[in-house]
Amino acid sequence: MTFTPWFTALGTIDRVPFAEAADRYAAYAPDGLADTNSDCFGGDLEEVLVHRGTVHHDGDLVIGSETHQPICHGGDCGVHVVDGDLTVDGTLVFTEWDQTNVLVVTGDVRSRGLLIEDEAHLYVGGSLRVEGLLVSGLSHGGMLAVAGDTTASACLCAGPVHEPMVLFGTPPAHPRDPGRPVDLTGADQAGLVLPEFLDASGHWADRAKVRAALLEGRSVLRTSGG
């Protein structure tokens, strides 16, 4: 579903004047909410939408743009804050085009799998806990920022930017074996990803195929993360 229906369905949403929200939630954004407003929305946002309390979602959660077209129209865009923890029992997929929505979670984010794509912005004030695979499909316009620790069985870039995942304040660690390397974005993907999930070049993971596999609960890597 697109972002706004999901967020408004969470329950009571407070519309907080931007100046007040910028003071209250500045610490949860890498460079402060004012810079996010300027970079993503030209400084035009007058308010921030806030849901106070923990969010628990059963099953997979797929939110964001459904097409390659921006959806920032009629007020359906902006900075949205979950003032608490976010738990997704399945896989979380967050996709945005044209930097239309920013999601700030002040607490921890937990999910079975995570794929953040294109120009989505996810700011996590606590820790990020991914039981399985964390996949970055971000462009240079997107961002994943985690203030606390990140754990995942493996981290992988599946384009459009194929480069090491320098997205965390501290390197991600395996949930049961902190000494095991899990950031696999600089590795040879042809030797890492199962052949059916490679793109036509045979060298990179195909993001659409990886996305489908995560939502179907299928393994993507040749091993469990090592």
# chains A, B, ... in the order shown; residues from 1 in each chain; ligands from 1
call {"tool": "residues_around", "arguments": {"residues": "Val146 of chain A", "least_positions_apart": "4", "cutoff": "10 Å", "atoms": "only C-alpha atoms", "output": "PDB file with N, CA and C atoms, in the first residue's frame"}}
result
ATOM      1  N   TYR A  28      16.874  12.300  16.274  1.00  0.00           N
ATOM      2  CA  TYR A  28      16.625  11.027  15.603  1.00  0.00           C
ATOM      3  C   TYR A  28      16.944  11.080  14.108  1.00  0.00           C
ATOM      4  N   ALA A  29      17.184  12.256  13.582  1.00  0.00           N
ATOM      5  CA  ALA A  29      17.560  12.420  12.174  1.00  0.00           C
ATOM      6  C   ALA A  29      19.059  12.671  12.095  1.00  0.00           C
ATOM      7  N   PRO A  30      19.753  12.116  11.093  1.00  0.00           N
ATOM      8  CA  PRO A  30      21.214  12.240  11.042  1.00  0.00           C
ATOM      9  C   PRO A  30      21.708  13.674  11.130  1.00  0.00           C
ATOM     10  N   VAL A 105      11.488   6.358  13.414  1.00  0.00           N
ATOM     11  CA  VAL A 105      11.067   5.504  14.527  1.00  0.00           C
ATOM     12  C   VAL A 105      11.985   5.822  15.696  1.00  0.00           C
ATOM     13  N   ASP A 108      13.129   1.028  18.758  1.00  0.00           N
ATOM     14  CA  ASP A 108      13.746  -0.055  17.998  1.00  0.00           C
ATOM     15  C   ASP A 108      12.862  -0.457  16.824  1.00  0.00           C
ATOM     16  N   VAL A 109      13.499  -0.978  15.766  1.00  0.00           N
ATOM     17  CA  VAL A 109      12.793  -1.590  14.643  1.00  0.00           C
ATOM     18  C   VAL A 109      13.193  -3.057  14.594  1.00  0.00           C
ATOM     19  N   LEU A 122      14.632   6.054   6.181  1.00  0.00           N
ATOM     20  CA  LEU A 122      14.237   5.435   7.438  1.00  0.00           C
ATOM     21  C   LEU A 122      15.275   5.788   8.489  1.00  0.00           C
ATOM     22  N   TYR A 123      14.831   6.495   9.527  1.00  0.00           N
ATOM     23  CA  TYR A 123      15.699   6.879  10.630  1.00  0.00           C
ATOM     24  C   TYR A 123      15.268   6.093  11.867  1.00  0.00           C
ATOM     25  N   VAL A 124      16.195   5.365  12.458  1.00  0.00           N
ATOM     26  CA  VAL A 124      15.901   4.538  13.623  1.00  0.00           C
ATOM     27  C   VAL A 124      16.655   5.099  14.820  1.00  0.00           C
ATOM     28  N   GLY A 125      15.919   5.528  15.837  1.00  0.00           N
ATOM     29  CA  GLY A 125      16.555   6.113  17.007  1.00  0.00           C
ATOM     30  C   GLY A 125      17.147   5.094  17.953  1.00  0.00           C
ATOM     31  N   GLY A 126      16.619   3.857  17.924  1.00  0.00           N
ATOM     32  CA  GLY A 126      17.136   2.793  18.767  1.00  0.00           C
ATOM     33  C   GLY A 126      17.971   1.823  17.964  1.00  0.00           C
ATOM     34  N   SER A 127      17.690   0.534  18.125  1.00  0.00           N
ATOM     35  CA  SER A 127      18.419  -0.511  17.421  1.00  0.00           C
ATOM     36  C   SER A 127      17.582  -1.069  16.275  1.00  0.00           C
ATOM     37  N   LEU A 128      18.275  -1.639  15.291  1.00  0.00           N
ATOM     38  CA  LEU A 128      17.634  -2.330  14.173  1.00  0.00           C
ATOM     39  C   LEU A 128      17.944  -3.809  14.297  1.00  0.00           C
ATOM     40  N   THR A 150      22.943  -2.522  14.979  1.00  0.00           N
ATOM     41  CA  THR A 150      22.215  -3.231  13.927  1.00  0.00           C
ATOM     42  C   THR A 150      22.643  -4.690  13.930  1.00  0.00           C
ATOM     43  N   LEU A 167      26.005   2.495   6.010  1.00  0.00           N
ATOM     44  CA  LEU A 167      24.734   3.076   6.402  1.00  0.00           C
ATOM     45  C   LEU A 167      24.546   3.141   7.912  1.00  0.00           C
ATOM     46  N   PHE A 168      25.530   2.672   8.675  1.00  0.00           N
ATOM     47  CA  PHE A 168      25.319   2.526  10.101  1.00  0.00           C
ATOM     48  C   PHE A 168      26.380   3.270  10.904  1.00  0.00           C
ATOM     49  N   GLY A 169      25.986   3.676  12.114  1.00  0.00           N
ATOM     50  CA  GLY A 169      26.962   4.275  13.000  1.00  0.00           C
ATOM     51  C   GLY A 169      27.989   3.261  13.468  1.00  0.00           C
ATOM     52  N   THR A 170      27.577   2.008  13.636  1.00  0.00           N
ATOM     53  CA  THR A 170      28.488   0.929  13.984  1.00  0.00           C
ATOM     54  C   THR A 170      28.254  -0.214  13.002  1.00  0.00           C
TER      55      THR A 170
END
call {"tool": "residues_around", "arguments": {"residues": "Ser153 of chain A", "least_positions_apart": "3", "cutoff": "10 Å", "atoms": "only C-alpha atoms", "output": "list in words"}}
result
Gly113, Arg129, Val130, Glu131, Gly132, Leu133, Leu134, Pro172, Ala173, His174, Pro175, Arg176, Asp177, Arg180, Pro181, Val182, Asp183, Ser224, Gly225 and Gly226 of chain A
call {"tool": "select_by_dssp", "arguments": {"residues": "segment 31-93 of chain A", "states": "strand (DSSP E or B)", "output": "PyMOL selection string"}}
result
chain A and resi 47-52+55-57+61-64+78-83+86-93
call {"tool": "closest_atom_pairs", "arguments": {"of": "segment 100-193 of chain A", "to": "segment 45-62 of chain A", "cutoff": "12 Å", "atoms": "only C-alpha atoms", "output": "Markdown table"}}
result
| residue | atom | partner | partner_atom | distance |
| --- | --- | --- | --- | --- |
| A:Thr100 | CA | A:Leu45 | CA | 11.5 |
| A:Asn101 | CA | A:Val48 | CA | 11.0 |
| A:Val102 | CA | A:Val48 | CA | 10.1 |
| A:Leu103 | CA | A:Leu49 | CA | 9.9 |
| A:Val104 | CA | A:Val50 | CA | 9.3 |
| A:Val105 | CA | A:Thr54 | CA | 9.6 |
| A:Thr106 | CA | A:Arg52 | CA | 9.8 |
| A:Gly107 | CA | A:Thr54 | CA | 8.6 |
| A:Asp108 | CA | A:Thr54 | CA | 9.6 |
| A:Val109 | CA | A:Val55 | CA | 9.7 |
| A:Arg110 | CA | A:His56 | CA | 9.5 |
| A:Ser111 | CA | A:Asp60 | CA | 8.9 |
| A:Arg112 | CA | A:Asp60 | CA | 8.7 |
| A:Gly113 | CA | A:Asp60 | CA | 9.0 |
| A:Leu114 | CA | A:Leu61 | CA | 9.7 |
| A:Leu115 | CA | A:Val62 | CA | 9.4 |
| A:Ile116 | CA | A:Val62 | CA | 10.1 |
| A:Glu117 | CA | A:Val62 | CA | 11.1 |
call {"tool": "select_by_dssp", "arguments": {"residues": "segment 13-222 of chain A", "states": "helix (DSSP H, G or I)", "output": "VMD selection string"}}
result
chain A and resid 18 to 28 33 to 41 189 to 191 195 to 197 207 to 216
call {"tool": "write_last_selection", "arguments": {"atoms": "N, CA and C atoms", "output": "mmCIF file, in the first residue's frame"}}
result
data_model
loop_
_atom_site.group_PDB
_atom_site.id
_atom_site.type_symbol
_atom_site.label_atom_id
_atom_site.label_comp_id
_atom_site.auth_asym_id
_atom_site.auth_seq_id
_atom_site.Cartn_x
_atom_site.Cartn_y
_atom_site.Cartn_z
ATOM 1 N N PHE A 18 5.972 22.114 12.582
ATOM 2 C CA PHE A 18 7.307 21.654 12.244
ATOM 3 C C PHE A 18 8.362 22.158 13.225
ATOM 4 N N ALA A 19 8.289 23.416 13.619
ATOM 5 C CA ALA A 19 9.306 23.955 14.526
ATOM 6 C C ALA A 19 9.335 23.182 15.842
ATOM 7 N N GLU A 20 8.155 22.809 16.348
ATOM 8 C CA GLU A 20 8.091 22.029 17.581
ATOM 9 C C GLU A 20 8.652 20.629 17.371
ATOM 10 N N ALA A 21 8.281 20.003 16.254
ATOM 11 C CA ALA A 21 8.773 18.652 15.954
ATOM 12 C C ALA A 21 10.275 18.651 15.726
ATOM 13 N N ALA A 22 10.781 19.704 15.092
ATOM 14 C CA ALA A 22 12.216 19.782 14.824
ATOM 15 C C ALA A 22 13.005 19.800 16.117
ATOM 16 N N ASP A 23 12.471 20.462 17.135
ATOM 17 C CA ASP A 23 13.139 20.469 18.443
ATOM 18 C C ASP A 23 13.007 19.113 19.132
ATOM 19 N N ARG A 24 11.834 18.524 19.042
ATOM 20 C CA ARG A 24 11.553 17.291 19.786
ATOM 21 C C ARG A 24 12.266 16.085 19.189
ATOM 22 N N TYR A 25 12.343 16.037 17.864
ATOM 23 C CA TYR A 25 12.834 14.826 17.195
ATOM 24 C C TYR A 25 14.134 15.032 16.413
ATOM 25 N N ALA A 26 14.777 16.154 16.602
ATOM 26 C CA ALA A 26 16.004 16.445 15.847
ATOM 27 C C ALA A 26 17.064 15.376 16.039
ATOM 28 N N ALA A 27 17.160 14.831 17.261
ATOM 29 C CA ALA A 27 18.228 13.874 17.565
ATOM 30 C C ALA A 27 18.060 12.557 16.815
ATOM 31 N N TYR A 28 16.874 12.300 16.274
ATOM 32 C CA TYR A 28 16.625 11.027 15.603
ATOM 33 C C TYR A 28 16.944 11.080 14.108
ATOM 34 N N LEU A 33 15.941 17.358 11.765
ATOM 35 C CA LEU A 33 14.761 17.381 10.904
ATOM 36 C C LEU A 33 14.745 18.580 9.968
ATOM 37 N N ALA A 34 15.347 19.692 10.380
ATOM 38 C CA ALA A 34 15.346 20.870 9.519
ATOM 39 C C ALA A 34 16.094 20.594 8.218
ATOM 40 N N ASP A 35 17.238 19.885 8.316
ATOM 41 C CA ASP A 35 17.976 19.543 7.104
ATOM 42 C C ASP A 35 17.199 18.547 6.249
ATOM 43 N N THR A 36 16.513 17.601 6.898
ATOM 44 C CA THR A 36 15.678 16.667 6.144
ATOM 45 C C THR A 36 14.582 17.404 5.395
ATOM 46 N N ASN A 37 13.954 18.349 6.060
ATOM 47 C CA ASN A 37 12.909 19.161 5.428
ATOM 48 C C ASN A 37 13.467 19.886 4.211
ATOM 49 N N SER A 38 14.631 20.486 4.380
ATOM 50 C CA SER A 38 15.245 21.241 3.283
ATOM 51 C C SER A 38 15.654 20.339 2.128
ATOM 52 N N ASP A 39 16.296 19.192 2.448
ATOM 53 C CA ASP A 39 16.806 18.311 1.405
ATOM 54 C C ASP A 39 15.691 17.598 0.640
ATOM 55 N N CYS A 40 14.661 17.162 1.348
ATOM 56 C CA CYS A 40 13.617 16.338 0.726
ATOM 57 C C CYS A 40 12.414 17.145 0.244
ATOM 58 N N PHE A 41 12.095 18.218 0.944
ATOM 59 C CA PHE A 41 10.841 18.918 0.661
ATOM 60 C C PHE A 41 11.028 20.409 0.398
ATOM 61 N N GLN A 189 29.015 -10.952 -5.772
ATOM 62 C CA GLN A 189 27.633 -11.386 -5.651
ATOM 63 C C GLN A 189 27.347 -12.647 -6.457
ATOM 64 N N ALA A 190 28.078 -12.862 -7.531
ATOM 65 C CA ALA A 190 27.860 -14.073 -8.319
ATOM 66 C C ALA A 190 28.188 -15.325 -7.515
ATOM 67 N N GLY A 191 29.141 -15.203 -6.592
ATOM 68 C CA GLY A 191 29.494 -16.334 -5.751
ATOM 69 C C GLY A 191 28.723 -16.376 -4.459
ATOM 70 N N PRO A 195 21.957 -18.506 -8.077
ATOM 71 C CA PRO A 195 21.918 -18.101 -9.493
ATOM 72 C C PRO A 195 20.571 -17.558 -9.945
ATOM 73 N N GLU A 196 19.481 -18.103 -9.425
ATOM 74 C CA GLU A 196 18.160 -17.667 -9.882
ATOM 75 C C GLU A 196 17.810 -16.251 -9.446
ATOM 76 N N PHE A 197 18.618 -15.666 -8.555
ATOM 77 C CA PHE A 197 18.345 -14.307 -8.094
ATOM 78 C C PHE A 197 19.332 -13.280 -8.640
ATOM 79 N N ARG A 207 17.100 -6.976 -7.923
ATOM 80 C CA ARG A 207 16.332 -6.497 -6.766
ATOM 81 C C ARG A 207 14.886 -7.000 -6.780
ATOM 82 N N ALA A 208 14.256 -7.031 -7.944
ATOM 83 C CA ALA A 208 12.877 -7.495 -8.007
ATOM 84 C C ALA A 208 12.773 -8.959 -7.602
ATOM 85 N N LYS A 209 13.738 -9.764 -8.031
ATOM 86 C CA LYS A 209 13.732 -11.181 -7.663
ATOM 87 C C LYS A 209 14.003 -11.356 -6.167
ATOM 88 N N VAL A 210 14.932 -10.571 -5.636
ATOM 89 C CA VAL A 210 15.228 -10.640 -4.202
ATOM 90 C C VAL A 210 14.016 -10.205 -3.387
ATOM 91 N N ARG A 211 13.361 -9.164 -3.831
ATOM 92 C CA ARG A 211 12.159 -8.661 -3.158
ATOM 93 C C ARG A 211 11.105 -9.765 -3.052
ATOM 94 N N ALA A 212 10.833 -10.428 -4.188
ATOM 95 C CA ALA A 212 9.839 -11.500 -4.199
ATOM 96 C C ALA A 212 10.247 -12.642 -3.278
ATOM 97 N N ALA A 213 11.538 -12.978 -3.291
ATOM 98 C CA ALA A 213 12.012 -14.077 -2.453
ATOM 99 C C ALA A 213 11.844 -13.764 -0.971
ATOM 100 N N LEU A 214 12.166 -12.534 -0.576
ATOM 101 C CA LEU A 214 12.016 -12.153 0.823
ATOM 102 C C LEU A 214 10.563 -12.276 1.269
ATOM 103 N N LEU A 215 9.639 -11.822 0.417
ATOM 104 C CA LEU A 215 8.230 -11.858 0.784
ATOM 105 C C LEU A 215 7.664 -13.274 0.754
ATOM 106 N N GLU A 216 8.337 -14.161 0.025
ATOM 107 C CA GLU A 216 7.906 -15.563 -0.020
ATOM 108 C C GLU A 216 8.641 -16.425 1.007
#
call {"tool": "atom_distance", "arguments": {"atom1": "atom CA of Gly186 of chain A", "atom2": "atom CA of Asp89 of chain A"}}
result
28.7 Å
call {"tool": "closest_residue", "arguments": {"among": "A:Leu198, A:Cys77, A:Val161, A:Val93", "to": "Gly142 of chain A", "atoms": "only C-alpha atoms"}}
result
A:Val161
call {"tool": "atom_distance", "arguments": {"atom1": "atom CA of Thr95 of chain A", "atom2": "atom CA of Ala147 of chain A"}}
result
21.0 Å
call {"tool": "atom_distance", "arguments": {"atom1": "atom CA of Ser136 of chain A", "atom2": "atom CA of Gly32 of chain A"}}
result
22.5 Å
call {"tool": "closest_residue", "arguments": {"among": "A:Gly64, A:Pro17, A:Pro171, A:Pro5", "to": "Asp149 of chain A", "atoms": "only C-alpha atoms"}}
result
A:Pro171
